[in-house]
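Okay, so here's the structure we're looking at.
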Amino acid sequence: MVDEQATIAPAPSDGHAAGVVRVAAAGDVHCRVDRREAALESFAAMRGAADMLLLAGDLTTTGEPEEGAVLADACRGIGMPVYAVLGNHDWHANRRDELVAAIQQHGDVVVLERDWRTCECAGAVEVGVVGVKGFVGGFPGSHLPDFGEPLLRAVYEETSQDVAALERGLRAIELCPVRIVLLHYAPTDATLVGESPGIQAFLGTDRLAPPIAEHEPTLVLHGHAHAGTFAASIGTVPVRNVSIHVLGRDFHVFELPDHAAAAIH
Ligand SMILES: [Fe+2]
Ligand SMILES: [Fe+2]
């Protein structure tokens with residue numbers, strides 16, 4: 001069971017139940033140089049209010065390293081692990097290496113690209129995070145095919161690599177009591193309700209769903225669908241669209257209980 005706080009109220013460091021991990025999340029923060037102060041203020045408000053911060057892509061507006069530096073400065077000394085995936089906006093300037101270096105420059109943020117990490121939170125609960133941007137591909141009725149022009153098949157292959165990385169990561173963190181999947185693109189169309197049906201293929205793909213259904217992580221987060229829906233599920237796994245445009249606020253805090261015994265099977 002995932003308990004979700006309606007609001008973020010900074011709590012004392014020992015003000016939450018033992019074995020419960022507080023995970024703050026946001027997608028589509030779209031940092032900009034001319035909104036630097038607003039970003040610093042927003043992230044500063046999170047200090048002490050969570051045990052971990054997850055950012056579901058579109059960290060910047062156009063992918064310029066200067067925008068990444070705004071995020072790095074906003075997270076500087078925030079006092080909790082911060083994991084992020086890139087989004088399509090972060091690739092736009094085609095300066096991926098410089099952008100990731102800028103975001104990670106102070107050592108507070110780790111950008112996960114088809115990768116995973118574990119860390120101890122909230123009194124030594126081991127939390128595993130798999131970070132995969134995901135990609136386009138569509139849903140029943142809008143699937144892109146693995147057929148025809150090499151460019152189109154390359155798009156299909158790109159998504160295939162994300163699916164494989166998701167599977168690998170989930171296998172790697174299988175024994176963590178709390179396991180989180182962090183995506184930018186949606187793994188289900190149920191969190192896209194509100195978006196135009198005509199663009200669903202560009203908002204994600206259910207090709208990302210089978211590893212989630214098989215490994216049953218504690219929580220799946222994504223962004224990208226600014227006009228989508230907050231809550232849905234893949235089987236019994238909660239999927240949350242944490243785009244700030246959907247949240248209507250800067251962050252959402254999830255309280256995830258330690259299900260160690262139940263998670264090992
Ligand atoms: Fe976005
Ligand atoms: Fe996006």
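Naming works like this for the structure tokens: A, B, ... for the chains as they're shown, residue 1 at the start of each chain, ligands 1 onward in shown order.
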Report task. Can you pull out every residue within 12 Å of Asp97 of chain A, counting only C-alpha atoms, but drop anything in the same chain fewer than 6 positions away, and send it as an MDAnalysis selection string? Result -> chainID A and resid 63:65 68 86 90:91 103:105 111 113
Produce as an mmCIF file with N, CA and C atoms, in the first residue's frame the set of residues near ligand 2, where near means within 9 Å with only C-alpha atoms and all ligand atoms considered.
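For reference, pocket.cif as written:
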data_model
loop_
_atom_site.group_PDB
_atom_site.id
_atom_site.type_symbol
_atom_site.label_atom_id
_atom_site.label_comp_id
_atom_site.auth_asym_id
_atom_site.auth_seq_id
_atom_site.Cartn_x
_atom_site.Cartn_y
_atom_site.Cartn_z
ATOM 1 N N GLY A 27 8.155 15.403 -11.929
ATOM 2 C CA GLY A 27 8.593 15.297 -13.321
ATOM 3 C C GLY A 27 8.377 16.621 -14.011
ATOM 4 N N ASP A 28 9.129 16.835 -15.088
ATOM 5 C CA ASP A 28 8.911 18.025 -15.922
ATOM 6 C C ASP A 28 9.146 19.325 -15.164
ATOM 7 N N GLY A 57 12.476 13.203 -15.320
ATOM 8 C CA GLY A 57 12.803 13.692 -16.656
ATOM 9 C C GLY A 57 12.242 15.052 -17.019
ATOM 10 N N ASP A 58 12.707 15.565 -18.178
ATOM 11 C CA ASP A 58 12.475 16.967 -18.534
ATOM 12 C C ASP A 58 12.946 17.840 -17.372
ATOM 13 N N LEU A 86 16.706 11.530 -17.619
ATOM 14 C CA LEU A 86 16.533 12.606 -18.594
ATOM 15 C C LEU A 86 15.175 12.460 -19.271
ATOM 16 N N GLY A 87 14.713 13.536 -19.867
ATOM 17 C CA GLY A 87 13.512 13.505 -20.686
ATOM 18 C C GLY A 87 13.846 13.978 -22.089
ATOM 19 N N ASN A 88 12.843 14.018 -22.946
ATOM 20 C CA ASN A 88 13.092 14.450 -24.327
ATOM 21 C C ASN A 88 13.601 15.887 -24.390
ATOM 22 N N HIS A 89 13.121 16.768 -23.509
ATOM 23 C CA HIS A 89 13.604 18.145 -23.517
ATOM 24 C C HIS A 89 15.105 18.216 -23.226
ATOM 25 N N ASP A 90 15.570 17.287 -22.393
ATOM 26 C CA ASP A 90 16.981 17.311 -21.998
ATOM 27 C C ASP A 90 17.911 16.892 -23.135
ATOM 28 N N HIS A 184 10.662 8.542 -17.723
ATOM 29 C CA HIS A 184 10.065 9.786 -18.214
ATOM 30 C C HIS A 184 8.800 9.462 -19.013
ATOM 31 N N TYR A 185 8.904 8.529 -19.924
ATOM 32 C CA TYR A 185 7.762 8.144 -20.759
ATOM 33 C C TYR A 185 6.849 7.174 -20.000
ATOM 34 N N LEU A 203 3.878 9.467 -26.242
ATOM 35 C CA LEU A 203 3.886 9.697 -24.790
ATOM 36 C C LEU A 203 4.424 8.514 -24.005
ATOM 37 N N GLY A 223 6.747 10.941 -16.009
ATOM 38 C CA GLY A 223 6.266 12.292 -16.274
ATOM 39 C C GLY A 223 5.851 12.384 -17.734
ATOM 40 N N HIS A 224 6.219 13.499 -18.389
ATOM 41 C CA HIS A 224 6.085 13.711 -19.840
ATOM 42 C C HIS A 224 4.668 14.058 -20.278
ATOM 43 N N ALA A 225 3.675 13.376 -19.723
ATOM 44 C CA ALA A 225 2.288 13.629 -20.120
ATOM 45 C C ALA A 225 1.723 14.736 -19.234
ATOM 46 N N HIS A 226 1.936 15.987 -19.656
ATOM 47 C CA HIS A 226 1.581 17.138 -18.822
ATOM 48 C C HIS A 226 0.085 17.219 -18.542
#
Requested in this report: Using DSSP on the backbone coordinates, identify the residues of segment 4-228 of chain A assigned to strand (DSSP E or B); present them as a VMD selection string.
Outcome: chain A and resid 4 20 to 27 31 52 to 56 60 82 to 85 109 to 111 115 to 121 125 to 131 138 178 to 182 186 193 195 204 to 205 219 to 222
Export, as an mmCIF file, in the first residue's frame, the selected residues with C-alpha atoms.
data_model
loop_
_atom_site.group_PDB
_atom_site.id
_atom_site.type_symbol
_atom_site.label_atom_id
_atom_site.label_comp_id
_atom_site.auth_asym_id
_atom_site.auth_seq_id
_atom_site.Cartn_x
_atom_site.Cartn_y
_atom_site.Cartn_z
ATOM 1 C CA GLU A 4 0.395 9.573 -0.443
ATOM 2 C CA VAL A 20 8.663 4.019 6.103
ATOM 3 C CA VAL A 21 10.575 5.716 3.323
ATOM 4 C CA ARG A 22 9.403 9.149 2.244
ATOM 5 C CA VAL A 23 10.029 9.597 -1.466
ATOM 6 C CA ALA A 24 9.527 13.043 -2.966
ATOM 7 C CA ALA A 25 8.968 13.034 -6.702
ATOM 8 C CA ALA A 26 8.431 15.443 -9.555
ATOM 9 C CA GLY A 27 8.593 15.297 -13.321
ATOM 10 C CA CYS A 31 14.609 24.288 -15.187
ATOM 11 C CA MET A 52 14.887 10.631 -1.206
ATOM 12 C CA LEU A 53 14.075 12.799 -4.204
ATOM 13 C CA LEU A 54 13.281 11.382 -7.643
ATOM 14 C CA LEU A 55 13.028 13.485 -10.799
ATOM 15 C CA ALA A 56 11.157 11.944 -13.724
ATOM 16 C CA THR A 60 15.509 21.322 -18.217
ATOM 17 C CA VAL A 82 18.549 12.643 -5.623
ATOM 18 C CA TYR A 83 18.097 10.381 -8.639
ATOM 19 C CA ALA A 84 16.947 11.617 -12.019
ATOM 20 C CA VAL A 85 16.299 10.402 -15.530
ATOM 21 C CA VAL A 109 22.254 14.385 -8.166
ATOM 22 C CA VAL A 110 22.812 11.072 -9.934
ATOM 23 C CA VAL A 111 21.433 10.808 -13.457
ATOM 24 C CA ASP A 115 21.002 2.087 -14.810
ATOM 25 C CA TRP A 116 20.119 1.405 -11.187
ATOM 26 C CA ARG A 117 21.294 2.263 -7.693
ATOM 27 C CA THR A 118 20.555 1.169 -4.159
ATOM 28 C CA CYS A 119 20.829 3.301 -1.056
ATOM 29 C CA GLU A 120 19.844 3.183 2.580
ATOM 30 C CA CYS A 121 17.084 5.511 3.713
ATOM 31 C CA VAL A 125 15.752 0.558 4.640
ATOM 32 C CA GLU A 126 17.454 -0.453 1.412
ATOM 33 C CA VAL A 127 15.807 1.266 -1.531
ATOM 34 C CA GLY A 128 16.528 0.276 -5.119
ATOM 35 C CA VAL A 129 15.875 2.677 -7.976
ATOM 36 C CA VAL A 130 15.917 1.714 -11.645
ATOM 37 C CA GLY A 131 16.191 4.730 -13.935
ATOM 38 C CA GLY A 138 2.424 3.526 -28.317
ATOM 39 C CA VAL A 178 11.565 -0.949 -1.510
ATOM 40 C CA ARG A 179 11.952 -0.916 -5.306
ATOM 41 C CA ILE A 180 11.115 2.051 -7.509
ATOM 42 C CA VAL A 181 11.066 2.434 -11.289
ATOM 43 C CA LEU A 182 11.790 5.956 -12.505
ATOM 44 C CA ALA A 186 4.578 6.400 -19.614
ATOM 45 C CA VAL A 193 -6.125 10.081 -19.819
ATOM 46 C CA GLU A 195 -4.037 13.879 -23.313
ATOM 47 C CA GLY A 204 5.173 6.239 -23.986
ATOM 48 C CA THR A 205 4.513 2.599 -24.641
ATOM 49 C CA LEU A 219 6.114 2.053 -7.211
ATOM 50 C CA VAL A 220 6.514 3.269 -10.803
ATOM 51 C CA LEU A 221 6.908 6.973 -11.561
ATOM 52 C CA HIS A 222 6.877 8.835 -14.844
#
Requested in this report: Select, from A:Gly134, A:Asp73, A:Ile173, A:Gly228, the residue with the minimum atom-to-atom distance to Arg36 of chain A, counting only C-alpha atoms.
Outcome: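 Looking at the shortest contact to Arg36 of chain A, the residue is A:Asp73.
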Query raised in the report: Nearest to Arg153 of chain A among A:Glu98, A:Gly137, A:Arg168, A:Val132, with distances taken over only C-alpha atoms: which residue is it?
Result: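 Residue with the minimum atom-to-atom distance to Arg153 of chain A: A:Gly137.
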Report task. Rounded to one decimal place, report the atom CA of Ala72 of chain A-atom CA of Leu166 of chain A distance in Å. Result ->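 Those two atoms sit 25.7 Å apart.
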Query - Polymer residues at most 8 Å from Ile234 of chain A, only C-alpha atoms, same-chain spacing of 5 or more positions, as a list in words - result: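 Here the qualifying residues turn out to be Thr188, Ala209, Ile212, Ala213 and Val239 of chain A.
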Query - Those in segment 51-249 of chain A with helix (DSSP H, G or I) from DSSP, as a VMD selection string - result: chain A and resid 65 to 75 88 to 91 96 to 103 150 to 172 189 to 191 197 to 202 206 to 215 244 to 247
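Taking atom CA of Asp206 of chain A and atom CA of Val29 of chain A as endpoints, the distance between them is 24.2 Å.
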Report task. Determine, counting only C-alpha atoms, which protein, DNA and RNA residues have an atom within 12 Å of an atom of Ala154 of chain A; residues of the same chain fewer than 6 positions away are not included. Present the result as a list in words. Result -> Phe135, Val136, Gly137, Leu144, Pro145, Asp146, Phe147, Gly148, Ser160 and Gln161 of chain A
Suppose we keep C-alpha atoms; can you now write the selection as a tab-separated table (two decimals), in the first residue's frame?
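Heads up, here's the output in out_18.tsv:
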chain	number	residue	atom	x	y	z
A	135	PHE	CA	10.77	6.19	-25.26
A	136	VAL	CA	7.91	6.33	-27.70
A	137	GLY	CA	6.10	3.27	-29.04
A	144	LEU	CA	4.69	1.86	-33.79
A	145	PRO	CA	5.78	-1.20	-35.79
A	146	ASP	CA	9.18	-2.85	-36.04
A	147	PHE	CA	8.86	-2.77	-39.81
A	148	GLY	CA	9.82	-0.74	-42.85
A	160	SER	CA	13.71	-2.26	-26.99
A	161	GLN	CA	16.95	-1.25	-25.29
